[in-house]
file run_7.txt (compact mmCIF, C-alpha atoms and all ligand atoms)
# COMPACT_ATOMS: atom_id res chain seq x y z
CA MET X 1 -13.95 -27.33 7.18
CA PRO X 2 -13.58 -24.07 5.18
CA ASP X 3 -16.74 -22.39 3.87
CA ALA X 4 -17.97 -23.29 0.39
CA ILE X 5 -16.93 -19.90 -1.01
CA PHE X 6 -13.31 -20.99 -0.39
CA ALA X 7 -13.57 -24.76 -0.79
CA HIS X 8 -16.14 -25.38 -3.53
CA PRO X 9 -14.49 -25.88 -6.93
CA ARG X 10 -17.06 -23.61 -8.65
CA LEU X 11 -17.11 -20.90 -5.99
CA ALA X 12 -13.39 -20.45 -5.29
CA PRO X 13 -12.71 -19.21 -8.87
CA VAL X 14 -15.33 -16.45 -8.48
CA TYR X 15 -14.21 -15.30 -5.01
CA ASP X 16 -11.83 -12.54 -6.15
CA TRP X 17 -14.47 -11.05 -8.45
CA PHE X 18 -16.79 -10.32 -5.54
CA ASP X 19 -14.05 -9.24 -3.15
CA GLY X 20 -14.04 -5.49 -2.50
CA ASP X 21 -11.27 -2.99 -2.74
CA ARG X 22 -8.09 -4.53 -1.27
CA ASP X 23 -6.24 -1.53 0.19
CA ASP X 24 -5.41 -3.78 3.11
CA LEU X 25 -2.94 -5.70 0.96
CA ALA X 26 -0.80 -2.60 0.31
CA ALA X 27 -0.90 -1.84 4.04
CA CYS X 28 0.29 -5.36 4.77
CA LEU X 29 3.11 -5.09 2.24
CA GLY X 30 4.13 -1.81 3.89
CA ILE X 31 4.24 -3.50 7.30
CA ALA X 32 6.36 -6.34 5.89
CA GLY X 33 8.76 -3.67 4.63
CA GLU X 34 8.87 -1.82 7.94
CA LEU X 35 9.64 -5.08 9.75
CA GLY X 36 12.31 -6.03 7.23
CA ALA X 37 10.56 -9.38 6.71
CA GLU X 38 12.15 -11.54 4.00
CA ARG X 39 10.34 -14.81 4.77
CA VAL X 40 6.61 -14.34 5.08
CA LEU X 41 3.93 -16.86 5.93
CA ASP X 42 0.45 -16.01 4.64
CA VAL X 43 -1.95 -17.96 6.87
CA GLY X 44 -5.31 -18.53 5.17
CA CYS X 45 -3.86 -17.26 1.90
CA GLY X 46 -7.03 -18.14 -0.01
CA THR X 47 -6.64 -17.32 -3.70
CA GLY X 48 -3.15 -15.96 -3.06
CA CYS X 49 -3.63 -12.19 -3.68
CA LEU X 50 -1.27 -11.15 -0.89
CA ALA X 51 1.16 -14.07 -1.20
CA ILE X 52 1.74 -13.16 -4.84
CA LEU X 53 2.33 -9.46 -4.05
CA LEU X 54 4.78 -10.46 -1.32
CA ALA X 55 6.65 -12.76 -3.73
CA GLU X 56 6.68 -10.10 -6.43
CA SER X 57 8.36 -7.78 -3.94
CA GLY X 58 11.23 -10.30 -3.71
CA ARG X 59 10.25 -12.12 -0.54
CA THR X 60 10.19 -15.86 0.07
CA VAL X 61 6.61 -16.80 0.83
CA MET X 62 4.62 -19.71 2.17
CA GLY X 63 0.88 -19.53 1.49
CA ALA X 64 -1.18 -21.97 3.55
CA ASP X 65 -4.89 -22.66 3.35
CA PRO X 66 -7.17 -25.62 4.15
CA ALA X 67 -9.31 -24.91 1.07
CA ASN X 68 -7.77 -26.78 -1.83
CA ALA X 69 -10.02 -25.11 -4.42
CA SER X 70 -8.69 -21.67 -3.38
CA LEU X 71 -5.10 -22.93 -3.53
CA GLU X 72 -5.74 -24.19 -7.08
CA VAL X 73 -6.88 -20.67 -8.05
CA ALA X 74 -3.75 -19.22 -6.43
CA LYS X 75 -1.41 -21.67 -8.18
CA ALA X 76 -3.01 -20.95 -11.55
CA LYS X 77 -2.23 -17.23 -11.08
CA GLU X 78 1.38 -17.61 -10.15
CA ALA X 79 3.78 -20.51 -10.29
CA THR X 80 6.83 -18.69 -8.97
CA ALA X 81 9.34 -20.75 -7.01
CA ARG X 82 9.32 -17.97 -4.41
CA ILE X 83 5.96 -19.25 -3.10
CA THR X 84 5.44 -22.60 -1.44
CA TRP X 85 1.72 -23.40 -1.39
CA VAL X 86 0.66 -25.57 1.54
CA HIS X 87 -2.68 -27.31 1.91
CA GLY X 88 -3.29 -27.11 5.63
CA ASP X 89 -4.71 -25.06 8.44
CA ALA X 90 -3.16 -22.64 10.89
CA ALA X 91 -2.80 -25.25 13.61
CA THR X 92 -0.74 -27.65 11.51
CA LEU X 93 1.71 -25.49 9.58
CA PRO X 94 5.07 -26.90 8.55
CA PRO X 95 8.20 -25.29 10.02
CA PHE X 96 9.15 -22.25 7.94
CA GLY X 97 11.23 -19.97 10.16
CA ALA X 98 9.12 -17.02 9.04
CA ASP X 99 10.16 -13.48 9.92
CA LEU X 100 6.50 -12.55 9.67
CA ALA X 101 3.17 -14.36 9.58
CA VAL X 102 0.11 -12.51 8.32
CA MET X 103 -3.63 -13.13 8.37
CA THR X 104 -5.65 -10.84 6.11
CA GLY X 105 -9.30 -10.73 5.19
CA ASN X 106 -11.51 -12.55 7.67
CA VAL X 107 -8.94 -15.18 8.59
CA ALA X 108 -8.48 -14.22 12.25
CA GLN X 109 -12.27 -14.24 12.66
CA VAL X 110 -12.88 -17.77 11.33
CA PHE X 111 -11.64 -19.38 14.57
CA LEU X 112 -14.89 -19.51 16.48
CA THR X 113 -13.86 -21.11 19.75
CA ASP X 114 -11.13 -20.06 22.15
CA GLU X 115 -9.56 -23.49 21.67
CA ASP X 116 -9.39 -23.17 17.88
CA TRP X 117 -7.94 -19.68 18.16
CA ALA X 118 -5.34 -20.87 20.69
CA ARG X 119 -4.37 -23.81 18.45
CA ALA X 120 -4.03 -21.47 15.47
CA LEU X 121 -1.76 -19.09 17.44
CA GLN X 122 0.37 -22.01 18.61
CA GLY X 123 0.64 -23.38 15.07
CA ILE X 124 1.68 -19.98 13.73
CA HIS X 125 4.22 -19.55 16.52
CA ALA X 126 5.82 -22.85 15.59
CA ALA X 127 6.22 -21.67 11.97
CA LEU X 128 7.89 -18.37 12.96
CA ARG X 129 11.55 -17.83 13.68
CA PRO X 130 12.37 -16.87 17.29
CA ARG X 131 11.10 -13.30 17.82
CA GLY X 132 9.25 -13.39 14.51
CA TYR X 133 6.15 -11.23 14.07
CA LEU X 134 2.47 -11.99 13.67
CA VAL X 135 0.35 -9.31 11.98
CA PHE X 136 -3.37 -9.72 11.49
CA GLU X 137 -6.55 -7.75 11.15
CA THR X 138 -9.82 -8.29 12.93
CA ARG X 139 -12.94 -6.14 12.96
CA ARG X 140 -13.71 -4.04 16.02
CA PRO X 141 -17.01 -5.21 17.52
CA GLY X 142 -17.72 -1.60 18.57
CA TRP X 143 -18.31 -0.70 14.93
CA ARG X 144 -21.17 -3.24 14.76
CA ALA X 145 -20.46 -3.96 11.10
CA TRP X 146 -23.17 -6.64 11.06
CA GLU X 147 -25.86 -3.96 11.47
CA LYS X 148 -24.83 -2.38 8.19
CA TRP X 149 -24.62 -5.83 6.55
CA ALA X 150 -28.07 -6.77 7.89
CA ALA X 151 -29.72 -3.57 6.71
CA GLU X 152 -30.24 -5.02 3.25
CA VAL X 153 -29.90 -8.18 1.20
CA ARG X 154 -27.08 -7.22 -1.16
CA ARG X 155 -27.09 -8.35 -4.76
CA LEU X 156 -24.19 -8.04 -7.10
CA VAL X 157 -23.88 -9.40 -10.64
CA VAL X 158 -20.45 -9.78 -12.21
CA ASP X 159 -19.56 -10.96 -15.70
CA ILE X 160 -16.56 -13.22 -15.22
CA PRO X 161 -14.36 -14.15 -18.21
CA GLY X 162 -14.63 -17.88 -18.98
CA ILE X 163 -17.44 -18.34 -16.42
CA GLY X 164 -20.14 -15.90 -17.49
CA SER X 165 -22.55 -13.84 -15.45
CA VAL X 166 -22.72 -14.75 -11.76
CA GLU X 167 -25.02 -13.21 -9.17
CA GLN X 168 -24.06 -13.00 -5.52
CA ARG X 169 -26.79 -12.43 -2.96
CA SER X 170 -25.49 -11.80 0.60
CA GLU X 171 -27.49 -11.69 3.77
CA VAL X 172 -26.93 -11.88 7.49
CA THR X 173 -28.59 -15.05 8.76
CA ASP X 174 -27.83 -14.85 12.47
CA VAL X 175 -26.37 -12.50 15.03
CA SER X 176 -25.57 -14.31 18.29
CA LEU X 177 -22.72 -12.17 19.50
CA PRO X 178 -19.83 -12.61 19.40
CA LEU X 179 -20.78 -14.75 16.37
CA VAL X 180 -22.28 -13.35 13.18
CA SER X 181 -23.39 -15.64 10.35
CA ILE X 182 -23.67 -14.63 6.73
CA ARG X 183 -24.99 -16.50 3.70
CA GLY X 184 -23.81 -15.97 0.15
CA THR X 185 -25.99 -17.45 -2.59
CA TYR X 186 -24.33 -17.66 -6.00
CA THR X 187 -26.31 -18.14 -9.20
CA PHE X 188 -24.39 -19.09 -12.33
CA HIS X 189 -26.49 -17.75 -15.18
CA ALA X 190 -24.69 -19.92 -17.77
CA ASP X 191 -26.33 -23.11 -16.44
CA GLY X 192 -28.63 -21.93 -13.65
CA ALA X 193 -26.58 -23.60 -10.90
CA VAL X 194 -27.20 -22.16 -7.45
CA ILE X 195 -24.59 -22.74 -4.75
CA VAL X 196 -24.88 -21.52 -1.16
CA SER X 197 -22.00 -20.65 1.13
CA ASP X 198 -22.54 -20.09 4.86
CA SER X 199 -19.91 -18.36 6.97
CA THR X 200 -19.66 -17.46 10.64
CA LEU X 201 -17.26 -14.88 12.00
CA ARG X 202 -16.28 -14.22 15.59
CA PHE X 203 -15.90 -10.63 16.71
CA ARG X 204 -13.30 -10.41 19.49
CA SER X 205 -12.79 -7.24 21.47
CA ARG X 206 -9.35 -5.71 21.65
CA ASP X 207 -9.06 -6.92 25.28
CA GLU X 208 -9.96 -10.45 24.22
CA VAL X 209 -7.44 -10.40 21.40
CA GLU X 210 -4.68 -9.04 23.64
CA SER X 211 -5.34 -11.45 26.47
CA SER X 212 -5.56 -14.41 24.10
CA LEU X 213 -2.13 -13.51 22.72
CA VAL X 214 -0.62 -13.11 26.18
CA ARG X 215 -2.21 -16.40 27.34
CA GLN X 216 -0.24 -18.32 24.73
CA GLN X 217 2.87 -19.46 26.58
CA PRO X 218 5.17 -19.07 23.58
CA PHE X 219 3.95 -15.51 22.97
CA ALA X 220 4.31 -14.57 26.62
CA SER X 221 7.97 -15.60 26.76
C1 LIG F 301 -11.84 -14.29 3.65
S1 LIG F 301 -10.68 -15.48 3.13
C2 LIG F 301 -9.20 -14.49 3.12
C3 LIG F 301 -8.19 -14.99 2.13
C4 LIG F 301 -6.93 -14.15 2.01
N1 LIG F 301 -6.22 -14.08 3.27
C5 LIG F 301 -7.25 -12.76 1.53
O1 LIG F 301 -7.03 -11.80 2.26
O2 LIG F 301 -7.72 -12.64 0.38
C6 LIG F 301 -10.48 -16.50 4.60
C7 LIG F 301 -9.55 -17.67 4.36
O3 LIG F 301 -9.33 -18.34 5.61
C8 LIG F 301 -9.17 -19.70 5.30
N2 LIG F 301 -9.32 -20.53 6.50
C9 LIG F 301 -10.46 -21.06 7.00
N3 LIG F 301 -10.18 -21.81 8.08
C10 LIG F 301 -8.83 -21.75 8.25
C11 LIG F 301 -7.92 -22.36 9.17
N4 LIG F 301 -8.36 -23.17 10.15
N5 LIG F 301 -6.59 -22.11 9.04
C12 LIG F 301 -6.15 -21.29 8.05
N6 LIG F 301 -6.97 -20.70 7.15
C13 LIG F 301 -8.29 -20.93 7.24
C14 LIG F 301 -10.25 -19.95 4.25
O4 LIG F 301 -10.07 -21.17 3.55
C15 LIG F 301 -10.09 -18.69 3.39
O5 LIG F 301 -9.20 -18.89 2.34
call {"tool": "encode", "arguments": {"input": "run_7.txt", "output": "structure tokens", "more": "lines below"}}
Ligand SMILES: C[S@@+](CC[C@H](N)C(=O)[O-])C[C@H]1O[C@@H](n2cnc3c(N)ncnc32)[C@H](O)[C@@H]1O
result
Amino acid sequence: MPDAIFAHPRLAPVYDWFDGDRDDLAACLGIAGELGAERVLDVGCGTGCLAILLAESGRTVMGADPANASLEVAKAKEATARITWVHGDAATLPPFGADLAVMTGNVAQVFLTDEDWARALQGIHAALRPRGYLVFETRRPGWRAWEKWAAEVRRLVVDIPGIGSVEQRSEVTDVSLPLVSIRGTYTFHADGAVIVSDSTLRFRSRDEVESSLVRQQPFAS
């Protein structure tokens, strides 16, 4: 079940407005270019920021996400035939013969158990062409990002066209390594609605990531 910030029909439309600088998307586009990837699968595409950039660069794209509200935001931005939007999770992707699958943002950290992570890797493998690539980002636990996040309750107010002023309050609610939980509380000033979104991320070490990839039979072959 995706977090409310992705799945709630009032929160998904405000997600991009609170998202930080997205340099990572340009980096990902660059990698797609280096790999010569023409068919790209964006796993956990969310509101479609990367999928749309990939399509605009002439690639054929599949954007998959289990949060329908985020997919609706993505579809409203871009209706190009170059993107197939799929409502589904990483473990149950349709065949796509992708040259490259990508997971940006927190996607690789939403799989909290080893079993869920293994199922996601298997699902992605099945959607890749033989010898296709998987590129993803995940935070290094050694940087202890949660300590910086926990140092303060962050408040940000954004005036969003068509929605009005929305306040986001973010706080770390639990650190039980390797899991870190964060709460976002959103207040819509137009009608006073308050909606809470809880998220938990798993921080895997490089060794854990590497061994989990090797453990997957398809990846080892
Ligand atoms: C932080 S957002 C990142 C969205 C997008 N990749 C980006 O970079 O803007 C994490 C996304 O992972 C999605 N997600 C959660 N569980 C998932 C799963 N089991 N399979 C695929 N995506 C999932 C969420 O719905 C959400 O859209």
call {"tool": "atom_distance", "arguments": {"input": "run_7.txt", "atom1": "CA of Asp42 (chain X)", "atom2": "atom C4 of ligand LIG 301 (chain F)"}}
result
8.1 Å
call {"tool": "residues_around", "arguments": {"input": "run_7.txt", "residues": "region 130-138 of chain X", "least_positions_apart": "2", "cutoff": "8 Å", "atoms": "all atoms listed in the file", "output": "PDB file with C-alpha atoms, keeping the file's coordinate frame"}}
result
ATOM      1  CA  GLY X  97      11.230 -19.970  10.160  1.00  0.00           C
ATOM      2  CA  ALA X  98       9.120 -17.020   9.040  1.00  0.00           C
ATOM      3  CA  ASP X  99      10.160 -13.480   9.920  1.00  0.00           C
ATOM      4  CA  LEU X 100       6.500 -12.550   9.670  1.00  0.00           C
ATOM      5  CA  ALA X 101       3.170 -14.360   9.580  1.00  0.00           C
ATOM      6  CA  VAL X 102       0.110 -12.510   8.320  1.00  0.00           C
ATOM      7  CA  MET X 103      -3.630 -13.130   8.370  1.00  0.00           C
ATOM      8  CA  THR X 104      -5.650 -10.840   6.110  1.00  0.00           C
ATOM      9  CA  GLY X 105      -9.300 -10.730   5.190  1.00  0.00           C
ATOM     10  CA  ASN X 106     -11.510 -12.550   7.670  1.00  0.00           C
ATOM     11  CA  ALA X 108      -8.480 -14.220  12.250  1.00  0.00           C
ATOM     12  CA  GLN X 109     -12.270 -14.240  12.660  1.00  0.00           C
ATOM     13  CA  LEU X 128       7.890 -18.370  12.960  1.00  0.00           C
ATOM     14  CA  ARG X 140     -13.710  -4.040  16.020  1.00  0.00           C
ATOM     15  CA  PHE X 203     -15.900 -10.630  16.710  1.00  0.00           C
ATOM     16  CA  ARG X 204     -13.300 -10.410  19.490  1.00  0.00           C
TER      17      ARG X 204
END
call {"tool": "axis_aligned_box", "arguments": {"input": "run_7.txt", "around": "ligand LIG 301 (chain F)", "padding_each_side": "5 Å", "output": "AutoDock Vina command-line options"}}
result
--center_x -9.0 --center_y -17.5 --center_z 5.3 --size_x 15.7 --size_y 21.4 --size_z 19.8
call {"tool": "closest_atom_pairs", "arguments": {"input": "run_7.txt", "of": "chain X", "to": "ligand LIG 301 (chain F)", "cutoff": "7 Å", "atoms": "all atoms listed in the file", "output": "Markdown table"}}
result
| residue | atom | partner | partner_atom | distance |
| --- | --- | --- | --- | --- |
| X:Met1 | CA | F:LIG301 | N3 | 6.7 |
| X:Pro2 | CA | F:LIG301 | C9 | 4.7 |
| X:Asp3 | CA | F:LIG301 | O4 | 6.8 |
| X:Phe6 | CA | F:LIG301 | O4 | 5.1 |
| X:Ala7 | CA | F:LIG301 | O4 | 6.6 |
| X:Val43 | CA | F:LIG301 | C12 | 5.5 |
| X:Gly44 | CA | F:LIG301 | N6 | 3.4 |
| X:Cys45 | CA | F:LIG301 | N1 | 4.2 |
| X:Gly46 | CA | F:LIG301 | O5 | 3.3 |
| X:Thr47 | CA | F:LIG301 | O2 | 6.3 |
| X:Gly48 | CA | F:LIG301 | C4 | 6.6 |
| X:Cys49 | CA | F:LIG301 | O2 | 5.8 |
| X:Leu50 | CA | F:LIG301 | O1 | 6.6 |
| X:Ala64 | CA | F:LIG301 | C12 | 6.7 |
| X:Asp65 | CA | F:LIG301 | N6 | 4.8 |
| X:Pro66 | CA | F:LIG301 | O4 | 5.3 |
| X:Ala67 | CA | F:LIG301 | O4 | 4.6 |
| X:Ser70 | CA | F:LIG301 | O5 | 6.4 |
| X:Gly88 | CA | F:LIG301 | N5 | 6.9 |
| X:Asp89 | CA | F:LIG301 | N5 | 3.5 |
| X:Ala90 | CA | F:LIG301 | N5 | 3.9 |
| X:Ala91 | CA | F:LIG301 | N5 | 6.7 |
| X:Met103 | CA | F:LIG301 | N1 | 5.8 |
| X:Thr104 | CA | F:LIG301 | O1 | 4.2 |
| X:Gly105 | CA | F:LIG301 | O1 | 3.9 |
| X:Asn106 | CA | F:LIG301 | C1 | 4.4 |
| X:Val107 | CA | F:LIG301 | O3 | 4.4 |
| X:Val110 | CA | F:LIG301 | N3 | 5.8 |
| X:Phe111 | CA | F:LIG301 | N4 | 6.7 |
| X:Ala120 | CA | F:LIG301 | N5 | 7.0 |
call {"tool": "residues_around", "arguments": {"input": "run_7.txt", "residues": "region 144-150 of chain X", "least_positions_apart": "3", "cutoff": "8 Å", "atoms": "all atoms listed in the file", "output": "PyMOL selection string"}}
result
chain X and resi 140-141+153+171-172+175+180
call {"tool": "closest_residue", "arguments": {"input": "run_7.txt", "among": "X:Asp116, X:Asp207, X:Glu167, X:Asp19", "to": "Gly192 (chain X)", "atoms": "all atoms listed in the file"}}
result
X:Glu167
call {"tool": "residues_near_point", "arguments": {"input": "run_7.txt", "point": "(-27.9, -5.4, -8.2)", "cutoff": "9 Å", "atoms": "all atoms listed in the file", "output": "ChimeraX atom specification"}}
result
/X:154-157,167-169
call {"tool": "residues_around", "arguments": {"input": "run_7.txt", "residues": "Glu72 (chain X)", "least_positions_apart": "4", "cutoff": "9 Å", "atoms": "all atoms listed in the file", "output": "list of chain:residue names"}}
result
X:Pro9, X:Ala12, X:Pro13, X:Thr47, X:Ala67, X:Asn68, X:Ala76, X:Lys77
call {"tool": "closest_residue", "arguments": {"input": "run_7.txt", "among": "X:Gly123, X:Gly58, X:Pro178, X:Gly20", "to": "Pro95 (chain X)", "atoms": "only C-alpha atoms"}}
result
X:Gly123
call {"tool": "residues_around", "arguments": {"input": "run_7.txt", "residues": "Leu29 (chain X)", "least_positions_apart": "5", "cutoff": "9 Å", "atoms": "all atoms listed in the file", "output": "number ranges by chain"}}
result
X: 24, 34, 50, 53-54, 57
call {"tool": "atom_distance", "arguments": {"input": "run_7.txt", "atom1": "CA of Thr84 (chain X)", "atom2": "CA of Asp21 (chain X)"}}
result
25.8 Å
call {"tool": "atom_distance", "arguments": {"input": "run_7.txt", "atom1": "CA of Asp114 (chain X)", "atom2": "CA of Ala4 (chain X)"}}
result
23.0 Å
call {"tool": "closest_residue", "arguments": {"input": "run_7.txt", "among": "X:Gly162, X:Gly36, X:Gly63, X:Gly184", "to": "Thr200 (chain X)", "atoms": "all atoms listed in the file"}}
result
X:Gly184
call {"tool": "residues_around", "arguments": {"input": "run_7.txt", "residues": "Ile83 (chain X)", "least_positions_apart": "3", "cutoff": "8 Å", "atoms": "only C-alpha atoms", "output": "PyMOL selection string"}}
result
chain X and resi 51-52+55+60-63+79-80
call {"tool": "closest_residue", "arguments": {"input": "run_7.txt", "among": "X:Val194, X:Val40, X:Ala69, X:Leu121", "to": "Arg82 (chain X)", "atoms": "all atoms listed in the file"}}
result
X:Val40
call {"tool": "closest_residue", "arguments": {"input": "run_7.txt", "among": "X:Leu41, X:Leu112, X:Gly142, X:Val209", "to": "Val86 (chain X)", "atoms": "all atoms listed in the file"}}
result
X:Leu41
call {"tool": "closest_residue", "arguments": {"input": "run_7.txt", "among": "X:Leu201, X:Ile163, X:Leu35, X:Arg206", "to": "Thr187 (chain X)", "atoms": "all atoms listed in the file"}}
result
X:Ile163
